[in-house]
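Text of target.txt (compact mmCIF, C-alpha atoms) as supplied:
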```
# COMPACT_ATOMS: atom_id res chain seq x y z
CA MET A 888 11.98 14.34 17.21
CA THR A 889 12.34 13.54 13.51
CA ARG A 890 11.30 10.03 12.57
CA VAL A 891 12.00 8.87 9.03
CA PHE A 892 9.62 5.97 8.80
CA PRO A 893 8.45 4.16 6.74
CA LEU A 894 11.16 4.34 4.13
CA SER A 895 8.79 5.54 1.43
CA ALA A 896 5.28 6.95 1.24
CA ASN A 897 3.99 3.64 -0.11
CA GLY A 898 5.60 1.58 2.61
CA ALA A 899 9.00 -0.07 2.83
CA ALA A 900 8.55 -1.96 -0.42
CA GLY A 901 7.99 1.30 -2.29
CA ASP A 902 7.23 1.10 -5.98
CA VAL A 903 7.41 -2.66 -6.30
CA MET A 904 4.22 -3.15 -4.27
CA HIS A 905 1.92 -2.40 -7.19
CA LEU A 906 3.16 -5.57 -8.88
CA CYS A 907 1.63 -7.75 -6.25
CA VAL A 908 -2.07 -6.98 -6.09
CA ASP A 909 -3.92 -9.98 -7.40
CA HIS A 910 -7.43 -10.31 -6.03
CA ASN A 911 -7.95 -13.76 -7.53
CA GLY A 912 -4.84 -15.38 -6.09
CA THR A 913 -2.33 -13.87 -3.71
CA ASP A 914 -2.50 -10.36 -2.28
CA ILE A 915 0.46 -8.72 -0.57
CA GLN A 916 -0.10 -5.84 1.80
CA ASP A 917 2.71 -3.78 3.33
CA LEU A 918 1.93 -3.13 7.01
CA THR A 919 5.41 -1.92 7.89
CA ALA A 920 4.10 1.45 9.03
CA VAL A 921 1.68 -0.15 11.55
CA ALA A 922 2.79 0.02 15.19
CA ARG A 923 4.37 -2.95 16.94
CA PHE A 924 6.43 -3.52 20.02
CA GLY A 925 9.01 -6.16 20.93
CA LEU A 926 10.43 -6.91 24.34
CA LYS A 927 13.25 -9.33 25.22
CA GLY A 928 15.44 -10.23 28.12
CA PRO A 929 15.09 -11.28 31.76
CA ARG A 930 11.59 -10.82 33.22
CA ALA A 931 10.09 -9.76 29.89
CA THR A 932 7.28 -12.28 30.32
CA GLU A 933 6.65 -11.08 33.87
CA TRP A 934 6.22 -7.52 32.60
CA PHE A 935 3.40 -8.55 30.27
CA GLU A 936 1.75 -10.88 32.75
CA ALA A 937 1.78 -8.16 35.42
CA ARG A 938 -0.32 -6.08 33.04
CA GLY A 939 -2.82 -8.85 32.45
CA ILE A 940 -1.63 -9.62 28.93
CA ASP A 941 -1.97 -13.35 28.27
CA LEU A 942 1.06 -14.96 26.66
CA PRO A 943 0.84 -17.96 24.33
CA PRO A 944 3.39 -20.82 24.27
CA VAL A 945 6.63 -20.33 22.30
CA ASN A 946 6.04 -20.15 18.54
CA ARG A 947 2.30 -19.45 18.91
CA GLN A 948 0.28 -16.24 18.68
CA ILE A 949 -2.99 -15.19 20.27
CA HIS A 950 -5.37 -12.44 19.20
CA LEU A 951 -6.61 -10.11 21.91
CA ALA A 952 -9.34 -7.53 21.41
CA ASP A 953 -7.05 -4.91 19.92
CA MET A 954 -3.64 -6.49 19.32
CA THR A 955 -1.88 -9.75 18.51
CA VAL A 956 0.65 -11.27 20.89
CA LEU A 957 3.52 -13.27 19.38
CA ARG A 958 5.73 -15.49 21.54
CA LEU A 959 9.06 -15.82 19.73
CA GLY A 960 11.06 -17.30 22.62
CA LYS A 961 10.92 -17.90 26.36
CA GLN A 962 11.71 -14.23 26.98
CA ASP A 963 11.00 -12.80 23.52
CA ILE A 964 7.54 -11.30 23.03
CA MET A 965 6.16 -9.09 20.31
CA LEU A 966 2.90 -7.18 20.01
CA LEU A 967 1.35 -6.33 16.65
CA ALA A 968 -1.19 -3.53 16.61
CA ASP A 969 -4.53 -3.81 14.88
CA PRO A 970 -3.88 -1.85 11.65
CA LEU A 971 -7.25 -0.12 12.03
CA ALA A 972 -6.87 0.70 15.75
CA PRO A 973 -3.20 0.91 16.80
CA GLU A 974 -3.71 3.07 19.92
CA PRO A 975 -4.13 0.35 22.59
CA MET A 976 -0.87 -1.36 21.63
CA SER A 977 0.93 1.98 21.48
CA LYS A 978 -0.23 2.64 25.05
CA VAL A 979 1.34 -0.65 26.19
CA ALA A 980 4.64 0.33 24.55
CA GLU A 981 4.45 3.77 26.15
CA SER A 982 3.88 2.32 29.61
CA TRP A 983 6.98 0.12 29.15
CA ARG A 984 9.10 3.16 28.27
CA LYS A 985 8.08 4.76 31.57
CA ASN A 986 9.03 1.68 33.58
CA PRO A 987 11.27 -0.57 31.44
CA THR A 988 12.03 -4.20 32.24
CA GLY A 989 14.18 -6.25 29.85
CA TYR A 990 15.05 -4.40 26.66
CA SER A 991 13.32 -3.31 23.48
CA SER A 992 14.01 -5.64 20.55
CA TRP A 993 13.49 -2.67 18.24
CA ARG A 994 10.99 -4.46 16.03
CA GLU A 995 9.18 -1.28 14.98
CA GLU A 996 11.99 0.07 12.83
CA ALA A 997 14.24 -2.90 12.07
CA TRP A 998 11.59 -5.18 10.59
CA ALA A 999 9.27 -5.03 7.63
CA TRP A 1000 5.77 -6.48 7.99
CA LEU A 1001 3.98 -7.95 4.99
CA ARG A 1002 0.56 -9.62 5.04
CA VAL A 1003 0.07 -12.27 2.35
CA THR A 1004 -3.53 -13.38 1.82
CA GLY A 1005 -5.70 -15.04 -0.78
CA PRO A 1006 -6.58 -18.57 -1.85
CA THR A 1007 -3.10 -19.29 -3.22
CA ALA A 1008 -1.10 -17.52 -0.49
CA GLY A 1009 0.27 -20.74 1.01
CA ALA A 1010 1.12 -22.21 -2.39
CA THR A 1011 2.89 -18.98 -3.36
CA LEU A 1012 4.99 -18.94 -0.20
CA SER A 1013 5.86 -22.61 -0.55
CA GLN A 1014 7.67 -21.75 -3.80
CA ILE A 1015 10.29 -19.73 -1.93
CA THR A 1016 10.90 -21.76 1.22
CA THR A 1017 11.53 -25.35 2.22
CA PHE A 1018 9.24 -24.97 5.24
CA ASP A 1019 6.18 -27.24 5.29
CA PHE A 1020 3.17 -24.92 4.79
CA ARG A 1021 0.48 -27.58 4.88
CA GLU A 1022 -2.13 -26.77 7.50
CA SER A 1023 -1.64 -30.19 9.10
CA ALA A 1024 1.97 -29.20 9.89
CA PHE A 1025 1.53 -25.45 10.36
CA ASP A 1026 -1.88 -24.66 11.79
CA ILE A 1027 -3.66 -21.35 12.34
CA ASN A 1028 -1.93 -19.15 14.95
CA ALA A 1029 1.30 -21.13 14.66
CA ILE A 1030 4.55 -19.22 14.20
CA ALA A 1031 7.56 -20.45 12.24
CA GLN A 1032 10.94 -18.79 12.49
CA THR A 1033 12.65 -19.99 9.35
CA ARG A 1034 14.22 -19.00 6.01
CA VAL A 1035 11.99 -17.60 3.27
CA ALA A 1036 13.26 -15.95 0.09
CA HIS A 1037 16.83 -16.32 1.44
CA GLN A 1038 15.95 -14.22 4.49
CA ASP A 1039 15.51 -15.08 8.15
CA MET A 1040 11.81 -14.59 8.69
CA VAL A 1041 9.03 -14.85 11.26
CA LEU A 1042 5.96 -16.39 9.65
CA CYS A 1043 2.58 -16.28 11.40
CA ARG A 1044 -0.38 -18.21 10.05
CA THR A 1045 -3.69 -16.40 10.46
CA GLU A 1046 -7.20 -17.35 9.45
CA THR A 1047 -6.83 -15.38 6.22
CA GLY A 1048 -3.20 -15.93 5.30
CA PHE A 1049 0.24 -15.16 6.64
CA ASP A 1050 2.08 -12.32 8.36
CA LEU A 1051 5.77 -12.04 7.41
CA LEU A 1052 8.26 -10.17 9.60
CA PHE A 1053 11.84 -9.78 8.44
CA ASP A 1054 14.79 -7.42 7.98
CA ILE A 1055 13.42 -4.17 6.60
CA ALA A 1056 16.44 -3.75 4.31
CA ALA A 1057 15.34 -6.83 2.34
CA THR A 1058 11.76 -5.67 1.73
CA ALA A 1059 11.97 -4.97 -2.00
CA GLN A 1060 13.83 -8.22 -2.67
CA VAL A 1061 11.26 -10.27 -0.72
CA VAL A 1062 8.35 -8.59 -2.52
CA ARG A 1063 9.93 -9.28 -5.90
CA ASP A 1064 10.48 -12.93 -4.93
CA LEU A 1065 6.86 -13.19 -3.77
CA ASP A 1066 5.68 -11.67 -7.03
CA ALA A 1067 7.77 -14.12 -9.06
CA ALA A 1068 6.42 -17.01 -6.95
CA ARG A 1069 2.85 -15.78 -7.43
CA LYS A 1070 3.26 -15.74 -11.20
CA LEU A 1071 4.82 -19.21 -11.11
CA GLU A 1072 1.92 -20.49 -9.02
CA ASP A 1073 -0.57 -18.96 -11.46
CA ARG A 1074 0.92 -21.03 -14.28
CA HIS A 1075 0.36 -24.29 -12.36
CA MET B 1316 19.84 -31.68 2.73
CA LYS B 1317 20.93 -32.48 6.26
CA ILE B 1318 18.28 -31.91 8.91
CA LEU B 1319 19.03 -30.71 12.43
CA THR B 1320 16.32 -30.70 15.09
CA CYS B 1321 16.22 -27.44 17.02
CA PRO B 1322 14.88 -27.97 20.57
CA MET B 1323 12.67 -24.87 20.19
CA ASN B 1324 11.76 -24.81 16.49
CA GLY B 1325 11.79 -28.46 15.46
CA PRO B 1326 13.51 -30.12 12.49
CA ARG B 1327 15.01 -27.64 10.01
CA ASN B 1328 17.50 -27.56 7.16
CA ILE B 1329 21.09 -27.35 8.35
CA THR B 1330 21.42 -24.06 6.44
CA GLU B 1331 19.27 -22.42 9.15
CA PHE B 1332 21.96 -23.07 11.75
CA GLN B 1333 25.33 -21.63 12.72
CA TYR B 1334 28.01 -23.74 14.35
CA LEU B 1335 29.44 -22.06 17.45
CA GLY B 1336 32.15 -24.51 18.45
CA PRO B 1337 32.55 -27.29 21.01
CA PHE B 1338 31.23 -26.93 24.53
CA ARG B 1339 34.15 -26.47 26.92
CA ALA B 1340 34.18 -25.59 30.57
CA MET B 1341 35.78 -22.16 30.94
CA PRO B 1342 38.71 -21.98 33.34
CA ASP B 1343 38.61 -19.26 35.97
CA PRO B 1344 40.20 -16.27 34.17
CA ASP B 1345 41.64 -15.01 37.47
CA ASP B 1346 43.38 -18.25 38.37
CA ALA B 1347 44.16 -19.92 35.04
CA SER B 1348 47.74 -20.01 33.79
CA ASP B 1349 48.54 -18.38 30.45
CA THR B 1350 48.99 -21.84 28.96
CA ASP B 1351 45.60 -23.05 30.17
CA TRP B 1352 43.89 -19.86 29.03
CA ALA B 1353 45.49 -20.06 25.57
CA GLN B 1354 44.51 -23.72 25.38
CA TYR B 1355 40.89 -22.77 26.17
CA LEU B 1356 40.80 -19.94 23.64
CA PHE B 1357 42.65 -21.38 20.69
CA ARG B 1358 42.84 -25.16 20.92
CA ALA B 1359 40.08 -27.70 20.56
CA GLU B 1360 40.09 -31.45 20.95
CA ASN B 1361 39.72 -33.22 17.64
CA SER B 1362 38.90 -36.64 18.97
CA ARG B 1363 36.92 -39.21 17.06
CA GLY B 1364 33.71 -39.78 18.95
CA PRO B 1365 30.77 -37.96 20.51
CA VAL B 1366 31.26 -34.30 21.37
CA VAL B 1367 28.86 -31.63 22.67
CA GLU B 1368 28.74 -28.43 20.60
CA TRP B 1369 27.07 -25.04 20.67
CA TRP B 1370 24.72 -24.31 17.74
CA ARG B 1371 22.49 -21.34 16.94
CA HIS B 1372 19.22 -21.33 15.01
CA THR B 1373 19.71 -18.06 13.16
CA PRO B 1374 16.09 -17.04 12.30
CA SER B 1375 15.11 -17.21 15.98
CA ASN B 1376 18.57 -16.43 17.41
CA TYR B 1377 18.18 -19.44 19.71
CA VAL B 1378 21.37 -21.03 21.06
CA PHE B 1379 21.35 -24.67 22.12
CA LEU B 1380 23.60 -27.71 22.58
CA ALA B 1381 23.96 -30.68 20.26
CA GLU B 1382 25.74 -33.95 20.88
CA ARG B 1383 27.32 -35.11 17.63
CA HIS B 1384 29.63 -37.97 16.62
CA LEU B 1385 32.66 -36.47 14.91
CA GLY B 1386 33.39 -39.70 13.06
CA THR B 1387 29.99 -40.17 11.44
CA GLY B 1388 28.53 -36.67 11.69
CA ASP B 1389 25.39 -38.17 13.22
CA VAL B 1390 23.57 -35.92 15.70
CA ILE B 1391 22.80 -37.97 18.78
CA ARG B 1392 20.60 -35.40 20.55
CA THR B 1393 19.95 -31.67 20.80
CA PHE B 1394 18.90 -29.96 23.99
CA ASP B 1395 18.34 -26.61 25.68
CA PRO B 1396 21.22 -25.47 27.95
CA SER B 1397 18.75 -25.31 30.86
CA GLU B 1398 18.40 -29.11 30.68
CA GLY B 1399 21.91 -29.41 32.04
CA ARG B 1400 25.36 -28.82 30.65
CA PRO B 1401 27.95 -31.56 30.34
CA SER B 1402 30.60 -31.57 33.01
```
Represent the structure from my file as structure tokens, please.
Amino acid sequence: MTRVFPLSANGAAGDVMHLCVDHNGTDIQDLTAVARFGLKGPRATEWFEARGIDLPPVNRQIHLADMTVLRLGKQDIMLLADPLAPEPMSKVAESWRKNPTGYSSWREEAWAWLRVTGPTAGATLSQITTFDFRESAFDINAIAQTRVAHQDMVLCRTETGFDLLFDIAATAQVVRDLDAARKLEDRH
Amino acid sequence: MKILTCPMNGPRNITEFQYLGPFRAMPDPDDASDTDWAQYLFRAENSRGPVVEWWRHTPSNYVFLAERHLGTGDVIRTFDPSEGRPS
């Protein structure tokens, strides 16, 4: 089977990624090529619970030993693999394919995944969204499904920054917007 | 900016939402007359007062119900369909 993924050797954002490495402020890492798995529909939660995978409340994430579990709705769950050890999550996805319940939400090819970290990551993101990024309103492991850079986006707050999941076709535009926001933040 | 409170995601800008039309009980398609079926599909009450409507929060693709006053535009409440649909 031929699989054309990611869209370019440097990740979905391609050549614009080099603009966004700034070790003093905001770093942007393209994790689009890292494995992930989304499941939706009736009994999706039961499928995970039957395999001993703990599920967080809606719009929260939990970190397990080798993957992160995102709860995006009552029956909408997504797993993100550990970028350094994706095999355990891939095994979960493989076991679902052998005995499917619900339906795949096709997150592995339809969505881009960017990780935004650094001391000014929150301030940079706040330039391109109306969402309240203050930690008092959006704490660690919280998920926000909102609009960022004119795109529908899933935002996850981690201890080091933010994971952004959105339509893969908008990757270059989002990276350029983040880069512009980073430069604006630097001037403040 | 107008704010609408999504039952699942909390208060958000109105630009994050899509209006899906008023809530209406669907007549039985096997028993309804052509007139009643056409009324259901193409006509909507335009009364001045509270009405229950379908809305969708687009980033999460979550569909819910909102009770809104058509005269003032004020949203009286928003709720998940599992909490009970109006008769």
_Using all atoms listed in the file, can you tell me which of A:Ala1036, A:Leu957, A:Leu926, A:Met965 comes closest to A:Ala1059?_
A:Ala1036
Go through chain B and flag each residue having an atom no more than 9 Å from chain A; for those, report the closest pair of atoms plus their distance in Å to one decimal, using only C-alpha atoms, ordered by chain and rising number, as a Markdown table.
```
| residue | atom | partner | partner_atom | distance |
| --- | --- | --- | --- | --- |
| B:Met1323 | CA | A:Val945 | CA | 7.8 |
| B:Asn1324 | CA | A:Gln1032 | CA | 7.3 |
| B:Arg1327 | CA | A:Phe1018 | CA | 7.9 |
| B:Asn1328 | CA | A:Thr1017 | CA | 8.1 |
| B:Thr1330 | CA | A:Arg1034 | CA | 8.8 |
| B:Glu1331 | CA | A:Arg1034 | CA | 6.9 |
| B:His1372 | CA | A:Thr1033 | CA | 8.8 |
| B:Thr1373 | CA | A:Asp1039 | CA | 7.2 |
| B:Pro1374 | CA | A:Asp1039 | CA | 4.6 |
| B:Ser1375 | CA | A:Gln1032 | CA | 5.7 |
| B:Tyr1377 | CA | A:Gly960 | CA | 8.0 |
```
Show which residues sit within 9 Å of stretch 1379-1386 of chain B, as an mmCIF file with C-alpha atoms, in the frame of the given file. Count only C-alpha atoms, and ignore same-chain residues fewer than 4 positions away.
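Final file, result20.cif:
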```
data_model
loop_
_atom_site.group_PDB
_atom_site.id
_atom_site.type_symbol
_atom_site.label_atom_id
_atom_site.label_comp_id
_atom_site.auth_asym_id
_atom_site.auth_seq_id
_atom_site.Cartn_x
_atom_site.Cartn_y
_atom_site.Cartn_z
ATOM 1 C CA CYS B 1321 16.220 -27.440 17.020
ATOM 2 C CA PRO B 1322 14.880 -27.970 20.570
ATOM 3 C CA MET B 1323 12.670 -24.870 20.190
ATOM 4 C CA PHE B 1338 31.230 -26.930 24.530
ATOM 5 C CA ASN B 1361 39.720 -33.220 17.640
ATOM 6 C CA SER B 1362 38.900 -36.640 18.970
ATOM 7 C CA ARG B 1363 36.920 -39.210 17.060
ATOM 8 C CA GLY B 1364 33.710 -39.780 18.950
ATOM 9 C CA PRO B 1365 30.770 -37.960 20.510
ATOM 10 C CA VAL B 1366 31.260 -34.300 21.370
ATOM 11 C CA VAL B 1367 28.860 -31.630 22.670
ATOM 12 C CA GLU B 1368 28.740 -28.430 20.600
ATOM 13 C CA TRP B 1369 27.070 -25.040 20.670
ATOM 14 C CA TRP B 1370 24.720 -24.310 17.740
ATOM 15 C CA ARG B 1371 22.490 -21.340 16.940
ATOM 16 C CA HIS B 1372 19.220 -21.330 15.010
ATOM 17 C CA VAL B 1390 23.570 -35.920 15.700
ATOM 18 C CA ILE B 1391 22.800 -37.970 18.780
ATOM 19 C CA ARG B 1392 20.600 -35.400 20.550
ATOM 20 C CA THR B 1393 19.950 -31.670 20.800
ATOM 21 C CA PHE B 1394 18.900 -29.960 23.990
ATOM 22 C CA ASP B 1395 18.340 -26.610 25.680
ATOM 23 C CA PRO B 1396 21.220 -25.470 27.950
ATOM 24 C CA ARG B 1400 25.360 -28.820 30.650
#
```
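All residues of protein, DNA or RNA that reach within 9 Å of A:Gln948, judged by all atoms listed in the file and not counting those fewer than 3 positions away in the chain, are Leu942, Pro943, Pro944, Val945, Thr955, Val956, Leu957, Arg958, Leu959, Asn1028, Ala1029, Ile1030, Cys1043 and Arg1044 of chain A.
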*Polymer residues at most 12 Å from A:Trp998, only C-alpha atoms, same-chain spacing of 6 or more positions, as a PyMOL selection string*: chain A and resi 892-894+899-900+917-925+965+967+992+1038-1041+1051-1058
*asked:* Using Å and a single decimal, report how far atom CA of A:Asp941 sits from atom CA of A:Glu981.
replied: 18.4 Å
All residues 10 Å or closer to A:Phe935, only C-alpha atoms, same chain fewer than 4 positions away omitted, as a compact mmCIF listing (two decimals) with C-alpha atoms, in the coordinates of the input:
```
# COMPACT_ATOMS: atom_id res chain seq x y z
CA LEU A 926 10.43 -6.91 24.34
CA ARG A 930 11.59 -10.82 33.22
CA ALA A 931 10.09 -9.76 29.89
CA GLY A 939 -2.82 -8.85 32.45
CA ILE A 940 -1.63 -9.62 28.93
CA ASP A 941 -1.97 -13.35 28.27
CA LEU A 942 1.06 -14.96 26.66
CA ILE A 964 7.54 -11.30 23.03
CA VAL A 979 1.34 -0.65 26.19
CA TRP A 983 6.98 0.12 29.15
CA THR A 988 12.03 -4.20 32.24
```
*Length of the atom CA of B:Leu1356 to atom CA of B:Thr1387 vector [Å]*: 26.0 Å
*What is the distance, in Å and to one decimal place, between atom CA of A:Leu1012 and atom CA of A:Ala999?*
16.5 Å
Reconstruct N, CA and C atoms of stretch 1329-1359 of chain B; output as a compact mmCIF listing (two decimals), in the coordinates of the input.
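Listing of part02.txt after writing:
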```txt
# COMPACT_ATOMS: atom_id res chain seq x y z
N ILE B 1329 19.85 -27.73 7.67
CA ILE B 1329 21.09 -27.35 8.35
C ILE B 1329 21.51 -25.92 7.98
N THR B 1330 21.05 -25.42 6.85
CA THR B 1330 21.42 -24.06 6.44
C THR B 1330 20.81 -23.00 7.36
N GLU B 1331 19.85 -23.38 8.21
CA GLU B 1331 19.27 -22.42 9.15
C GLU B 1331 20.10 -22.28 10.42
N PHE B 1332 21.21 -23.03 10.50
CA PHE B 1332 21.96 -23.07 11.75
C PHE B 1332 23.39 -22.55 11.57
N GLN B 1333 23.93 -22.06 12.66
CA GLN B 1333 25.33 -21.63 12.72
C GLN B 1333 26.04 -22.45 13.78
N TYR B 1334 27.19 -22.97 13.41
CA TYR B 1334 28.01 -23.74 14.35
C TYR B 1334 28.80 -22.78 15.23
N LEU B 1335 28.77 -22.99 16.54
CA LEU B 1335 29.44 -22.06 17.45
C LEU B 1335 30.60 -22.70 18.21
N GLY B 1336 30.98 -23.91 17.83
CA GLY B 1336 32.15 -24.51 18.45
C GLY B 1336 31.81 -25.49 19.55
N PRO B 1337 32.81 -26.27 19.99
CA PRO B 1337 32.55 -27.29 21.01
C PRO B 1337 32.28 -26.67 22.38
N PHE B 1338 31.45 -27.37 23.15
CA PHE B 1338 31.23 -26.93 24.53
C PHE B 1338 32.48 -27.26 25.35
N ARG B 1339 32.99 -26.26 26.06
CA ARG B 1339 34.15 -26.47 26.92
C ARG B 1339 33.94 -25.69 28.20
N ALA B 1340 34.28 -26.31 29.30
CA ALA B 1340 34.18 -25.59 30.57
C ALA B 1340 35.25 -24.49 30.59
N MET B 1341 34.83 -23.28 30.94
CA MET B 1341 35.78 -22.16 30.94
C MET B 1341 36.60 -22.15 32.23
N PRO B 1342 37.92 -22.10 32.11
CA PRO B 1342 38.71 -21.98 33.34
C PRO B 1342 38.49 -20.61 33.98
N ASP B 1343 38.76 -20.54 35.26
CA ASP B 1343 38.61 -19.26 35.97
C ASP B 1343 39.65 -18.27 35.41
N PRO B 1344 39.22 -17.18 34.79
CA PRO B 1344 40.20 -16.27 34.17
C PRO B 1344 41.15 -15.64 35.18
N ASP B 1345 40.75 -15.60 36.45
CA ASP B 1345 41.64 -15.01 37.47
C ASP B 1345 42.73 -15.97 37.91
N ASP B 1346 42.44 -17.26 37.84
CA ASP B 1346 43.38 -18.25 38.37
C ASP B 1346 44.11 -19.05 37.30
N ALA B 1347 43.58 -19.05 36.06
CA ALA B 1347 44.16 -19.92 35.04
C ALA B 1347 45.54 -19.42 34.62
N SER B 1348 46.42 -20.37 34.31
CA SER B 1348 47.74 -20.01 33.79
C SER B 1348 47.58 -19.54 32.35
N ASP B 1349 48.60 -18.84 31.84
CA ASP B 1349 48.54 -18.38 30.45
C ASP B 1349 48.38 -19.55 29.49
N THR B 1350 49.06 -20.65 29.82
CA THR B 1350 48.99 -21.84 28.96
C THR B 1350 47.56 -22.40 28.93
N ASP B 1351 46.97 -22.51 30.12
CA ASP B 1351 45.60 -23.05 30.17
C ASP B 1351 44.61 -22.12 29.48
N TRP B 1352 44.82 -20.81 29.65
CA TRP B 1352 43.89 -19.86 29.03
C TRP B 1352 44.02 -19.89 27.51
N ALA B 1353 45.27 -19.97 27.02
CA ALA B 1353 45.49 -20.06 25.57
C ALA B 1353 44.91 -21.37 25.02
N GLN B 1354 45.08 -22.43 25.80
CA GLN B 1354 44.51 -23.72 25.38
C GLN B 1354 42.99 -23.60 25.24
N TYR B 1355 42.35 -22.94 26.21
CA TYR B 1355 40.89 -22.77 26.17
C TYR B 1355 40.47 -21.93 24.98
N LEU B 1356 41.22 -20.85 24.70
CA LEU B 1356 40.80 -19.94 23.64
C LEU B 1356 41.06 -20.49 22.24
N PHE B 1357 42.21 -21.12 22.06
CA PHE B 1357 42.65 -21.38 20.69
C PHE B 1357 42.75 -22.85 20.30
N ARG B 1358 42.67 -23.74 21.23
CA ARG B 1358 42.84 -25.16 20.92
C ARG B 1358 41.53 -25.90 21.17
N ALA B 1359 41.26 -26.87 20.34
CA ALA B 1359 40.08 -27.70 20.56
C ALA B 1359 40.46 -29.15 20.35
```
